[in-house]
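> This is final_27.cif, which holds mmCIF, C-alpha atoms:
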```
data_final
#
loop_
_atom_site.label_atom_id
_atom_site.label_comp_id
_atom_site.auth_asym_id
_atom_site.auth_seq_id
_atom_site.Cartn_x
_atom_site.Cartn_y
_atom_site.Cartn_z
CA MET A 1 13.74 130.80 -53.02
CA SER A 2 15.22 129.56 -49.73
CA ARG A 3 12.16 130.80 -47.80
CA LEU A 4 9.83 129.06 -50.22
CA PHE A 5 11.82 125.84 -49.87
CA ALA A 6 11.73 126.08 -46.06
CA GLY A 7 7.98 126.61 -46.12
CA MET A 8 7.47 123.60 -48.40
CA LEU A 9 9.70 121.49 -46.13
CA PHE A 10 7.72 122.52 -43.03
CA ALA A 11 4.42 121.75 -44.74
CA ALA A 12 5.74 118.34 -45.71
CA CYS A 13 6.78 117.58 -42.15
CA VAL A 14 3.53 118.59 -40.42
CA PRO A 15 1.40 115.69 -41.72
CA ALA A 16 4.06 113.23 -40.57
CA PHE A 17 3.82 114.53 -36.99
CA ALA A 18 0.05 114.68 -37.09
CA ALA A 19 -0.16 111.07 -38.26
CA ALA A 20 2.12 109.74 -35.53
CA ALA A 21 0.59 107.44 -32.92
CA PRO A 22 -0.42 109.09 -29.64
CA VAL A 23 2.31 109.02 -27.03
CA ALA A 24 1.32 107.70 -23.58
CA PRO A 25 1.78 110.14 -20.71
CA PHE A 26 5.15 109.86 -18.99
CA ASP A 27 4.95 107.49 -16.01
CA PRO A 28 7.99 107.71 -13.70
CA ALA A 29 7.03 104.42 -12.05
CA ALA A 30 7.46 102.64 -15.38
CA HIS A 31 11.17 103.50 -15.41
CA LYS A 32 12.63 101.71 -12.40
CA LEU A 33 16.32 101.19 -11.70
CA GLN A 34 17.58 98.35 -13.89
CA ALA A 35 21.06 97.74 -12.47
CA GLY A 36 22.00 97.49 -8.81
CA ARG A 37 19.95 97.09 -5.67
CA ILE A 38 16.87 99.31 -5.64
CA ASN A 39 15.87 101.16 -2.47
CA GLU A 40 13.18 99.29 -0.55
CA VAL A 41 10.61 101.15 1.54
CA MET A 42 8.11 99.60 3.92
CA VAL A 43 5.39 101.95 5.16
CA LEU A 44 3.88 100.74 8.42
CA GLY A 45 0.63 102.52 9.21
CA THR A 46 0.01 102.83 12.93
CA PRO A 47 -2.61 104.18 15.27
CA HIS A 48 -1.18 106.91 17.45
CA LEU A 49 -0.25 104.96 20.55
CA THR A 50 -0.81 107.95 22.83
CA GLN A 51 -4.51 107.57 22.05
CA LEU A 52 -4.75 103.92 23.08
CA PRO A 53 -6.42 103.12 26.42
CA ARG A 54 -4.19 103.59 29.47
CA SER A 55 -4.63 99.90 30.14
CA PHE A 56 -2.51 99.08 27.08
CA ASP A 57 0.77 97.48 28.14
CA PRO A 58 3.68 98.51 25.85
CA ALA A 59 5.25 95.10 26.51
CA GLN A 60 2.63 93.72 24.12
CA LEU A 61 4.58 95.32 21.26
CA SER A 62 7.33 92.70 21.59
CA LEU A 63 6.18 90.55 18.66
CA LEU A 64 5.86 93.58 16.39
CA HIS A 65 9.38 94.66 17.40
CA ALA A 66 10.70 91.21 16.52
CA ARG A 67 9.04 91.21 13.10
CA LEU A 68 10.37 94.67 12.25
CA LEU A 69 13.87 93.74 13.37
CA ALA A 70 13.72 90.60 11.24
CA TRP A 71 13.12 92.76 8.17
CA ARG A 72 16.45 94.48 8.99
CA PRO A 73 15.76 98.09 8.06
CA GLN A 74 18.82 100.28 7.62
CA ALA A 75 16.99 103.50 8.48
CA ILE A 76 13.75 104.33 10.28
CA ALA A 77 11.73 107.42 9.37
CA ILE A 78 9.12 108.76 11.78
CA GLU A 79 6.18 111.15 11.70
CA ALA A 80 7.89 114.01 13.50
CA LEU A 81 9.20 117.43 12.54
CA SER A 82 12.95 117.81 12.27
CA GLY A 83 14.75 120.28 14.45
CA LEU A 84 15.75 122.24 11.36
CA GLN A 85 12.17 122.59 10.18
CA CYS A 86 11.06 123.67 13.64
CA ALA A 87 13.81 126.30 13.65
CA TYR A 88 12.36 127.67 10.41
CA LEU A 89 8.82 127.59 11.76
CA ARG A 90 9.91 129.51 14.86
CA SER A 91 11.34 132.21 12.59
CA TYR A 92 7.86 132.78 11.11
CA PRO A 93 5.52 133.04 14.12
CA GLN A 94 2.94 135.07 12.17
CA ARG A 95 2.04 131.88 10.32
CA TYR A 96 3.38 129.00 12.40
CA ALA A 97 3.01 129.90 16.08
CA ASP A 98 0.30 127.29 16.64
CA THR A 99 2.21 124.66 14.65
CA VAL A 100 5.32 125.17 16.78
CA LYS A 101 3.25 124.86 19.94
CA SER A 102 1.65 121.61 18.75
CA TYR A 103 4.45 119.81 16.94
CA CYS A 104 7.88 121.16 17.89
CA TRP A 105 9.98 120.00 20.79
CA ASP A 106 11.63 122.89 22.67
CA PRO A 107 15.44 122.56 22.58
CA ALA A 108 16.09 125.58 24.84
CA ALA A 109 17.38 123.56 27.80
CA ALA A 110 19.72 121.56 25.58
CA GLN A 111 20.97 124.72 23.91
CA ALA A 112 21.70 126.21 27.33
CA ALA A 113 23.64 123.09 28.33
CA THR A 114 25.65 122.79 25.11
CA GLY A 115 25.89 126.41 24.01
CA LEU A 116 24.73 125.39 20.53
CA ASP A 117 21.69 126.44 18.53
CA VAL A 118 19.79 124.02 16.29
CA VAL A 119 21.93 124.53 13.20
CA ALA A 120 25.27 124.38 15.03
CA ALA A 121 24.23 121.28 16.95
CA THR A 122 23.01 119.59 13.76
CA VAL A 123 26.32 120.28 12.02
CA GLN A 124 28.30 118.91 14.96
CA ALA A 125 26.13 115.79 15.16
CA GLN A 126 26.65 115.15 11.44
CA ARG A 127 30.41 115.53 11.81
CA LEU A 128 30.47 113.21 14.80
CA LEU A 129 28.49 110.55 12.95
CA ALA A 130 30.73 110.86 9.88
CA ALA A 131 33.65 109.66 12.00
CA TRP A 132 31.63 107.39 14.28
CA PRO A 133 33.58 104.35 15.48
CA ALA A 134 32.27 100.79 15.35
CA ALA A 135 32.34 100.62 19.15
CA PRO A 136 31.76 104.13 20.53
CA ALA A 137 32.49 104.90 24.16
CA ALA A 138 29.68 105.80 26.54
CA ALA A 139 30.97 109.38 26.63
CA GLN A 140 30.60 109.61 22.86
CA ARG A 141 27.00 108.41 23.05
CA ARG A 142 26.20 110.95 25.76
CA MET A 143 27.77 113.69 23.65
CA LEU A 144 25.79 112.67 20.58
CA ALA A 145 22.58 112.54 22.64
CA SER A 146 23.21 116.10 23.84
CA LEU A 147 23.76 117.27 20.26
CA PHE A 148 20.56 115.62 19.07
CA LEU A 149 18.64 117.33 21.87
CA ALA A 150 20.16 120.72 21.07
CA GLY A 151 19.37 120.09 17.40
CA GLY A 152 15.71 119.45 18.19
CA GLU A 153 15.84 115.68 17.56
CA PRO A 154 14.68 114.09 20.84
CA ALA A 155 13.79 110.73 19.28
CA SER A 156 17.33 110.30 17.98
CA ALA A 157 18.73 111.36 21.35
CA LEU A 158 16.61 108.63 22.91
CA VAL A 159 18.13 106.05 20.54
CA GLN A 160 21.55 106.92 21.94
CA TRP A 161 20.20 106.81 25.49
CA LEU A 162 18.71 103.36 24.95
CA ARG A 163 21.98 102.08 23.51
CA LEU A 164 23.80 103.00 26.70
CA PRO A 165 24.02 100.53 29.58
CA ALA A 166 21.72 101.63 32.42
CA GLU A 167 24.68 102.62 34.61
CA GLU A 168 25.98 104.94 31.88
CA ARG A 169 22.74 106.88 31.57
CA ARG A 170 24.00 109.79 33.60
CA ALA A 171 25.05 113.42 33.33
CA GLY A 172 28.25 114.44 31.61
CA ASP A 173 29.62 115.01 28.10
CA GLY A 174 27.07 117.68 27.25
CA LEU A 175 24.20 116.28 29.31
CA ASP A 176 23.29 118.05 32.54
CA ALA A 177 20.90 116.75 35.18
CA LYS A 178 17.92 118.41 33.51
CA LEU A 179 18.62 116.74 30.16
CA VAL A 180 19.13 113.37 31.86
CA ALA A 181 15.70 113.79 33.46
CA THR A 182 14.28 114.69 30.05
CA LEU A 183 15.64 111.53 28.45
CA ASN A 184 14.47 109.33 31.30
CA ASP A 185 11.02 110.89 31.03
CA ARG A 186 10.88 110.26 27.28
CA MET A 187 11.62 106.59 27.85
CA GLN A 188 8.26 106.37 29.64
CA ARG A 189 6.23 108.07 26.92
CA ARG A 190 3.70 106.12 24.91
CA GLY A 191 4.11 107.50 21.38
CA GLU A 192 5.10 105.23 18.52
CA ASP A 193 8.28 107.28 18.02
CA VAL A 194 9.40 105.99 21.43
CA LEU A 195 7.72 102.60 21.86
CA ILE A 196 8.38 101.37 18.32
CA ALA A 197 10.83 103.52 16.35
CA ALA A 198 13.43 104.31 19.02
CA VAL A 199 13.26 100.81 20.52
CA VAL A 200 13.64 99.05 17.16
CA ALA A 201 16.40 101.46 16.11
CA ALA A 202 18.37 100.85 19.30
CA LYS A 203 17.93 97.07 19.15
CA GLY A 204 18.79 97.09 15.46
CA GLY A 205 22.09 98.91 16.00
CA HIS A 206 21.02 102.24 14.51
CA GLU A 207 22.44 105.52 15.73
CA ARG A 208 19.34 107.63 15.07
CA VAL A 209 15.89 107.87 13.51
CA TYR A 210 14.85 110.35 10.82
CA ALA A 211 12.09 112.91 11.31
CA MET A 212 10.27 113.20 7.98
CA ASP A 213 6.98 114.97 8.77
CA ASP A 214 6.29 118.39 7.25
CA HIS A 215 3.98 121.16 8.40
CA THR A 216 5.08 124.01 6.13
CA ALA A 217 1.64 123.92 4.46
CA ASP A 218 -0.04 124.87 7.75
CA GLU A 219 -2.02 128.11 7.68
CA SER A 220 -3.50 130.18 10.48
CA ALA A 221 -7.16 131.12 10.17
CA ASP A 222 -7.87 134.75 9.34
CA ASP A 223 -10.23 135.07 12.29
CA ALA A 224 -12.05 133.02 14.89
CA ALA A 225 -15.28 132.93 12.88
CA GLU A 226 -13.51 131.49 9.85
CA GLU A 227 -11.76 128.89 11.99
CA LYS A 228 -15.09 127.86 13.52
CA ALA A 229 -16.74 127.58 10.09
CA TYR A 230 -13.83 125.54 8.78
CA GLY A 231 -14.08 123.08 11.67
CA GLU A 232 -17.84 122.76 11.37
CA ALA A 233 -17.64 122.08 7.62
CA LEU A 234 -15.09 119.30 8.08
CA MET A 235 -16.94 117.73 11.02
CA LYS A 236 -20.08 117.61 8.89
CA ALA A 237 -18.17 115.99 6.02
CA TRP A 238 -16.65 113.41 8.35
CA ASP A 239 -20.04 112.40 9.74
CA ASN A 240 -20.57 109.54 7.29
CA PRO A 241 -20.98 105.74 7.32
CA HIS A 242 -17.32 105.12 6.43
CA THR A 243 -16.14 107.10 9.45
CA ALA A 244 -18.57 105.19 11.66
CA GLN A 245 -17.20 101.92 10.31
CA ARG A 246 -13.61 102.98 10.99
CA LYS A 247 -14.52 103.90 14.56
CA ARG A 248 -16.21 100.53 15.15
CA ILE A 249 -13.21 98.64 13.80
CA GLY A 250 -10.77 100.71 15.83
CA ALA A 251 -12.72 100.29 19.06
CA ALA A 252 -12.91 96.51 18.61
CA LEU A 253 -9.20 96.24 17.92
CA GLU A 254 -8.24 98.39 20.89
CA ALA A 255 -10.46 96.41 23.24
CA ALA A 256 -8.55 93.22 22.39
CA LEU A 257 -4.98 94.46 22.92
CA THR A 258 -4.04 92.02 25.67
CA THR A 259 -1.40 89.91 23.89
CA PRO A 260 1.45 90.47 21.41
CA ALA A 261 -0.55 88.48 18.84
CA ALA A 262 -3.51 90.86 19.26
CA VAL A 263 -1.22 93.84 18.66
CA LEU A 264 0.02 92.21 15.47
CA ALA A 265 -3.60 91.64 14.43
CA MET A 266 -4.33 95.34 14.99
CA TYR A 267 -1.44 96.28 12.71
CA ARG A 268 -2.63 93.81 10.07
CA ALA A 269 -6.02 95.50 10.13
CA TYR A 270 -4.64 99.04 9.89
CA ASN A 271 -2.34 98.04 7.01
CA ALA A 272 -4.85 95.92 5.07
CA PRO A 273 -5.26 96.94 1.40
CA ASP A 274 -8.95 97.83 1.84
CA GLN A 275 -8.12 100.38 4.53
CA VAL A 276 -6.74 102.92 2.06
CA GLU A 277 -10.07 103.28 0.27
CA MET A 278 -11.99 103.39 3.56
CA VAL A 279 -9.71 106.15 4.86
CA PHE A 280 -10.24 108.14 1.67
CA ARG A 281 -14.01 107.78 1.66
CA SER A 282 -14.40 108.63 5.33
CA ASP A 283 -11.99 111.56 5.38
CA PHE A 284 -10.40 113.15 2.33
CA GLY A 285 -12.94 112.07 -0.26
CA ALA A 286 -15.77 113.33 1.94
CA ALA A 287 -13.96 116.62 2.54
CA LEU A 288 -13.22 117.06 -1.16
CA GLU A 289 -16.93 117.14 -1.97
CA GLU A 290 -18.24 119.15 0.99
CA PRO A 291 -20.26 122.17 -0.30
CA SER A 292 -19.17 125.14 1.86
CA PRO A 293 -18.95 128.42 -0.12
CA ARG A 294 -15.34 128.92 1.02
CA HIS A 295 -14.35 125.43 -0.17
CA PHE A 296 -12.99 124.49 3.23
CA GLY A 297 -12.85 120.81 2.33
CA ARG A 298 -10.84 121.40 -0.82
CA ASN A 299 -8.45 123.60 1.15
CA TYR A 300 -8.02 120.78 3.67
CA VAL A 301 -7.32 118.23 0.93
CA ALA A 302 -4.77 120.58 -0.67
CA TYR A 303 -3.01 120.82 2.69
CA TRP A 304 -3.12 117.04 3.12
CA GLU A 305 -1.73 116.29 -0.33
CA THR A 306 1.00 118.92 0.05
CA ARG A 307 2.01 117.57 3.44
CA ASN A 308 2.23 114.00 2.16
CA LEU A 309 4.16 115.01 -0.95
CA ARG A 310 6.71 116.80 1.22
CA MET A 311 6.88 113.83 3.58
CA ALA A 312 7.55 111.58 0.59
CA SER A 313 10.29 113.96 -0.55
CA ASN A 314 11.93 113.82 2.86
CA ILE A 315 11.84 110.02 2.80
CA ARG A 316 13.30 109.98 -0.71
CA GLU A 317 16.07 112.37 0.31
CA LEU A 318 17.04 110.00 3.09
CA MET A 319 18.16 107.46 0.48
CA MET A 320 20.54 109.80 -1.33
CA ALA A 321 23.55 109.04 0.85
CA ARG A 322 23.35 105.25 0.58
CA PRO A 323 21.55 104.00 -2.55
CA GLY A 324 20.11 100.54 -2.12
CA MET A 325 18.80 101.16 1.40
CA ARG A 326 16.02 99.38 3.22
CA VAL A 327 13.88 102.04 4.93
CA LEU A 328 11.09 101.52 7.44
CA VAL A 329 8.57 104.38 7.58
CA LEU A 330 6.44 104.54 10.71
CA VAL A 331 3.48 106.85 10.15
CA GLY A 332 -0.13 107.43 11.12
CA ALA A 333 -2.30 104.96 9.22
CA SER A 334 -4.12 107.67 7.22
CA HIS A 335 -0.83 108.61 5.53
CA LYS A 336 0.05 105.09 4.40
CA GLY A 337 -1.79 104.96 1.07
CA TYR A 338 -0.64 108.41 0.03
CA LEU A 339 3.02 107.83 0.87
CA GLU A 340 3.08 104.46 -0.87
CA ALA A 341 1.48 105.95 -3.99
CA TYR A 342 3.84 108.93 -4.12
CA LEU A 343 6.99 106.93 -3.34
CA GLU A 344 6.09 104.25 -5.90
CA GLN A 345 6.47 106.95 -8.58
CA MET A 346 10.19 107.24 -7.77
CA HIS A 347 12.62 105.57 -10.17
CA ASP A 348 14.81 104.15 -7.41
CA VAL A 349 12.17 103.02 -4.89
CA ARG A 350 10.28 99.77 -4.51
CA ILE A 351 7.43 99.58 -2.01
CA VAL A 352 7.55 96.47 0.16
CA GLY A 353 4.24 95.33 1.55
CA THR A 354 3.71 94.66 5.25
CA ASP A 355 1.75 91.41 4.82
CA ASP A 356 4.67 89.06 5.44
CA ILE A 357 6.00 90.67 8.62
CA LEU A 358 2.52 91.08 10.13
CA ARG A 359 1.33 87.49 9.66
#
```
Could I get this file's structure written as structure tokens?

Amino acid sequence: MSRLFAGMLFAACVPAFAAAAPVAPFDPAAHKLQAGRINEVMVLGTPHLTQLPRSFDPAQLSLLHARLLAWRPQAIAIEALSGLQCAYLRSYPQRYADTVKSYCWDPAAAQAATGLDVVAATVQAQRLLAAWPAAPAAAQRRMLASLFLAGGEPASALVQWLRLPAEERRAGDGLDAKLVATLNDRMQRRGEDVLIAAVVAAKGGHERVYAMDDHTADESADDAAEEKAYGEALMKAWDNPHTAQRKRIGAALEAALTTPAAVLAMYRAYNAPDQVEMVFRSDFGAALEEPSPRHFGRNYVAYWETRNLRMASNIRELMMARPGMRVLVLVGASHKGYLEAYLEQMHDVRIVGTDDILR
């Protein structure tokens, strides 16, 4: 009797479920933090400054620096691999040898000077920062710079170097003559991690920047023929009117970089709302539909999406320690739309547009 009753009860319940109104798919972005200050993230898309004409004068970045400082970010994330990720990549040369060669800074000299490997140096740097005084001595900054170098974080080491008075940029406290030369050399480099991120971080009173790039989705080609076919398929996909338009716009912007106002105009153009769609159509959308039998374009898009998702995760992790942060993300312009879309899905993140600071 009890089984019959249970069966009748189940049958009675089924129509009720079937008649219920359809439930909308779960949307994380619809459930934002309601109490307290939400984390704010501004994603600034940038051209890679190393690719600008040699005639470009980094002094023309002064107005951009001022606008970024006025926004008062509390952390700056950059498109670079962390020392810890590079240590992992080095442990897997069968897959990542080329990635290490292209994207990882070599901390060997710093490890020789400090006696610390990447993990040990990272732990010591974290401990030092946990007890960091409001007014650190020059010796403490030199020590922290040496730990950042040994930990594979040269951009953060440069922040400490820039915060030192010129007369205190010398050997000692973990820095030998070779490392001093390394830091002085990095001050002259033209990448956005140096000319924008490290400069703004130092002027803004930060102690470091945060490497948030990810290349764990990188794969080595099975053979030279496959690598050649992969490259040819993508080059064919990228040969389209949208790519041509992007090149024309970029060339015109670069030709005009003679004043701080022109630099700001370039950043307005690269961060304009219509750029996201143009980037997609010229690059990833074109690759997605390319017809090679091995689906090279779809493989490339899978890599790109995975990389950006992991970058977004690294940026999100940065906010764990201090909820309610204001984070500036400096990244190649092609990443901007993807990172904004992925981060906007987070419950405790609000994307802040760049329009106001770039006017």
> Between A:Arg169, A:His65, A:Lys247, A:Arg281, which has the minimum distance to A:Ala201 (counting all atoms listed in the file)?
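Nearest candidate to A:Ala201 out of A:Arg169, A:His65, A:Lys247, A:Arg281: A:His65.
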> Please evaluate the PyMOL selection byres ((chain A and resi 193) around 10) against the displayed coordinates and give the resulting residues as number ranges by chain.
A: 48-49, 76-80, 154-156, 158, 189-192, 194-200, 209, 211, 330-331
> If I take atom CA of A:Ala108 and atom CA of A:Leu162, how far is one from the other in Å, to one decimal?
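If I compute the distance from atom CA of A:Ala108 to atom CA of A:Leu162, I get 22.4 Å.
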> Residues within 8 Å of stretch 241-246 of chain A, please, as a PyMOL selection string. Count only C-alpha atoms; anything in the same chain fewer than 2 positions from it doesn't count.
chain A and resi 238-239+248-250+278-279+281-283
> Looking at A:Pro73, A:Pro260, A:Pro323, A:Gly285, which one is nearest to A:Gly205, with distances taken over all atoms listed in the file?
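Nearest to A:Gly205: A:Pro73.
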> Might you spell out which residues the PyMOL selection byres ((chain A and resi 117-131) around 12) would select in the displayed file, as a VMD selection string?
chain A and resid 82 to 88 90 105 to 116 132 to 136 140 to 153 156 to 157 160 174 206 to 208 321
> I'd like to see the residues matched by the PyMOL selection byres ((chain A and resi 99) around 10) on this file, and ideally I'd get them as a PyMOL selection string.
chain A and resi 86+89-90+93+95-98+100-104+215-216+218-220
> How far is it from atom CA of A:Tyr303 to atom CA of A:Ala221, in Å with one decimal?
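Those two atoms sit 13.4 Å apart.
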> Go ahead and compute the interatomic distance for atom CA of A:Asp348 and atom CA of A:His335, in Å to one decimal.
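These atoms are spaced 20.8 Å apart.
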> Taking only C-alpha atoms into account, which of A:Asp356, A:Phe280, A:Ala225, A:Ala217 comes nearest A:Arg310?
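Smallest separation from A:Arg310 among the options: A:Ala217.
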> Using only C-alpha atoms, pick whichever of A:Ala24, A:Leu288, A:Ile357, A:Val349 has the shortest atom-to-atom distance to A:Glu317.
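Using only C-alpha atoms, the shortest distance to A:Glu317 belongs to A:Val349.
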> From the list A:Thr306, A:Gly36, A:Ala138, A:Leu358, which residue is nearest A:Leu339 when using only C-alpha atoms?
A:Thr306
> How about completing stretch 87-119 of chain A with N, CA and C atoms and giving it to me as a PDB file, in the frame of the given file?

```
ATOM      1  N   ALA A  87      13.083 125.039  13.567  1.00  0.00           N
ATOM      2  CA  ALA A  87      13.810 126.300  13.650  1.00  0.00           C
ATOM      3  C   ALA A  87      13.262 127.294  12.628  1.00  0.00           C
ATOM      4  N   TYR A  88      12.967 126.798  11.431  1.00  0.00           N
ATOM      5  CA  TYR A  88      12.360 127.670  10.410  1.00  0.00           C
ATOM      6  C   TYR A  88      10.981 128.131  10.848  1.00  0.00           C
ATOM      7  N   LEU A  89      10.171 127.219  11.347  1.00  0.00           N
ATOM      8  CA  LEU A  89       8.820 127.590  11.760  1.00  0.00           C
ATOM      9  C   LEU A  89       8.848 128.637  12.867  1.00  0.00           C
ATOM     10  N   ARG A  90       9.802 128.517  13.772  1.00  0.00           N
ATOM     11  CA  ARG A  90       9.910 129.510  14.860  1.00  0.00           C
ATOM     12  C   ARG A  90      10.285 130.891  14.321  1.00  0.00           C
ATOM     13  N   SER A  91      10.949 130.923  13.167  1.00  0.00           N
ATOM     14  CA  SER A  91      11.340 132.210  12.590  1.00  0.00           C
ATOM     15  C   SER A  91      10.177 132.914  11.903  1.00  0.00           C
ATOM     16  N   TYR A  92       9.026 132.243  11.825  1.00  0.00           N
ATOM     17  CA  TYR A  92       7.860 132.780  11.110  1.00  0.00           C
ATOM     18  C   TYR A  92       6.625 132.618  11.995  1.00  0.00           C
ATOM     19  N   PRO A  93       6.626 133.253  13.170  1.00  0.00           N
ATOM     20  CA  PRO A  93       5.520 133.040  14.120  1.00  0.00           C
ATOM     21  C   PRO A  93       4.183 133.570  13.606  1.00  0.00           C
ATOM     22  N   GLN A  94       4.204 134.537  12.703  1.00  0.00           N
ATOM     23  CA  GLN A  94       2.940 135.070  12.170  1.00  0.00           C
ATOM     24  C   GLN A  94       2.102 133.972  11.527  1.00  0.00           C
ATOM     25  N   ARG A  95       2.750 132.976  10.982  1.00  0.00           N
ATOM     26  CA  ARG A  95       2.040 131.880  10.320  1.00  0.00           C
ATOM     27  C   ARG A  95       2.062 130.586  11.143  1.00  0.00           C
ATOM     28  N   TYR A  96       3.170 130.336  11.840  1.00  0.00           N
ATOM     29  CA  TYR A  96       3.380 129.000  12.400  1.00  0.00           C
ATOM     30  C   TYR A  96       3.391 128.913  13.919  1.00  0.00           C
ATOM     31  N   ALA A  97       2.956 129.935  14.618  1.00  0.00           N
ATOM     32  CA  ALA A  97       3.010 129.900  16.080  1.00  0.00           C
ATOM     33  C   ALA A  97       2.263 128.696  16.645  1.00  0.00           C
ATOM     34  N   ASP A  98       1.074 128.428  16.138  1.00  0.00           N
ATOM     35  CA  ASP A  98       0.300 127.290  16.640  1.00  0.00           C
ATOM     36  C   ASP A  98       0.946 125.958  16.259  1.00  0.00           C
ATOM     37  N   THR A  99       1.536 125.887  15.079  1.00  0.00           N
ATOM     38  CA  THR A  99       2.210 124.660  14.650  1.00  0.00           C
ATOM     39  C   THR A  99       3.380 124.345  15.563  1.00  0.00           C
ATOM     40  N   VAL A 100       4.174 125.357  15.881  1.00  0.00           N
ATOM     41  CA  VAL A 100       5.320 125.170  16.780  1.00  0.00           C
ATOM     42  C   VAL A 100       4.839 124.654  18.130  1.00  0.00           C
ATOM     43  N   LYS A 101       3.781 125.250  18.629  1.00  0.00           N
ATOM     44  CA  LYS A 101       3.250 124.860  19.940  1.00  0.00           C
ATOM     45  C   LYS A 101       2.784 123.402  19.933  1.00  0.00           C
ATOM     46  N   SER A 102       2.227 122.952  18.820  1.00  0.00           N
ATOM     47  CA  SER A 102       1.650 121.610  18.750  1.00  0.00           C
ATOM     48  C   SER A 102       2.653 120.530  18.373  1.00  0.00           C
ATOM     49  N   TYR A 103       3.644 120.863  17.554  1.00  0.00           N
ATOM     50  CA  TYR A 103       4.450 119.810  16.940  1.00  0.00           C
ATOM     51  C   TYR A 103       5.955 119.910  17.172  1.00  0.00           C
ATOM     52  N   CYS A 104       6.437 120.986  17.756  1.00  0.00           N
ATOM     53  CA  CYS A 104       7.880 121.160  17.890  1.00  0.00           C
ATOM     54  C   CYS A 104       8.347 120.983  19.325  1.00  0.00           C
ATOM     55  N   TRP A 105       9.359 120.166  19.486  1.00  0.00           N
ATOM     56  CA  TRP A 105       9.980 120.000  20.790  1.00  0.00           C
ATOM     57  C   TRP A 105      10.873 121.212  21.071  1.00  0.00           C
ATOM     58  N   ASP A 106      10.877 121.689  22.306  1.00  0.00           N
ATOM     59  CA  ASP A 106      11.630 122.890  22.670  1.00  0.00           C
ATOM     60  C   ASP A 106      13.057 122.520  23.063  1.00  0.00           C
ATOM     61  N   PRO A 107      14.062 122.923  22.274  1.00  0.00           N
ATOM     62  CA  PRO A 107      15.440 122.560  22.580  1.00  0.00           C
ATOM     63  C   PRO A 107      16.167 123.558  23.491  1.00  0.00           C
ATOM     64  N   ALA A 108      15.433 124.501  24.092  1.00  0.00           N
ATOM     65  CA  ALA A 108      16.090 125.580  24.840  1.00  0.00           C
ATOM     66  C   ALA A 108      17.008 125.062  25.939  1.00  0.00           C
ATOM     67  N   ALA A 109      16.552 124.075  26.709  1.00  0.00           N
ATOM     68  CA  ALA A 109      17.380 123.560  27.800  1.00  0.00           C
ATOM     69  C   ALA A 109      18.656 122.916  27.281  1.00  0.00           C
ATOM     70  N   ALA A 110      18.541 122.206  26.163  1.00  0.00           N
ATOM     71  CA  ALA A 110      19.720 121.560  25.580  1.00  0.00           C
ATOM     72  C   ALA A 110      20.674 122.606  24.995  1.00  0.00           C
ATOM     73  N   GLN A 111      20.118 123.657  24.436  1.00  0.00           N
ATOM     74  CA  GLN A 111      20.970 124.720  23.910  1.00  0.00           C
ATOM     75  C   GLN A 111      21.715 125.425  25.032  1.00  0.00           C
ATOM     76  N   ALA A 112      21.045 125.599  26.180  1.00  0.00           N
ATOM     77  CA  ALA A 112      21.700 126.210  27.330  1.00  0.00           C
ATOM     78  C   ALA A 112      22.838 125.329  27.839  1.00  0.00           C
ATOM     79  N   ALA A 113      22.627 124.017  27.821  1.00  0.00           N
ATOM     80  CA  ALA A 113      23.640 123.090  28.330  1.00  0.00           C
ATOM     81  C   ALA A 113      24.827 122.956  27.392  1.00  0.00           C
ATOM     82  N   THR A 114      24.578 123.008  26.083  1.00  0.00           N
ATOM     83  CA  THR A 114      25.650 122.790  25.110  1.00  0.00           C
ATOM     84  C   THR A 114      26.223 124.080  24.537  1.00  0.00           C
ATOM     85  N   GLY A 115      25.466 125.165  24.622  1.00  0.00           N
ATOM     86  CA  GLY A 115      25.890 126.410  24.010  1.00  0.00           C
ATOM     87  C   GLY A 115      25.693 126.435  22.502  1.00  0.00           C
ATOM     88  N   LEU A 116      24.900 125.509  21.979  1.00  0.00           N
ATOM     89  CA  LEU A 116      24.730 125.390  20.530  1.00  0.00           C
ATOM     90  C   LEU A 116      23.274 125.593  20.137  1.00  0.00           C
ATOM     91  N   ASP A 117      23.044 126.344  19.055  1.00  0.00           N
ATOM     92  CA  ASP A 117      21.690 126.440  18.530  1.00  0.00           C
ATOM     93  C   ASP A 117      21.404 125.240  17.638  1.00  0.00           C
ATOM     94  N   VAL A 118      20.209 125.194  17.050  1.00  0.00           N
ATOM     95  CA  VAL A 118      19.790 124.020  16.290  1.00  0.00           C
ATOM     96  C   VAL A 118      20.737 123.727  15.133  1.00  0.00           C
ATOM     97  N   VAL A 119      21.078 124.748  14.369  1.00  0.00           N
ATOM     98  CA  VAL A 119      21.930 124.530  13.200  1.00  0.00           C
ATOM     99  C   VAL A 119      23.326 124.072  13.623  1.00  0.00           C
TER     100      VAL A 119
END
```
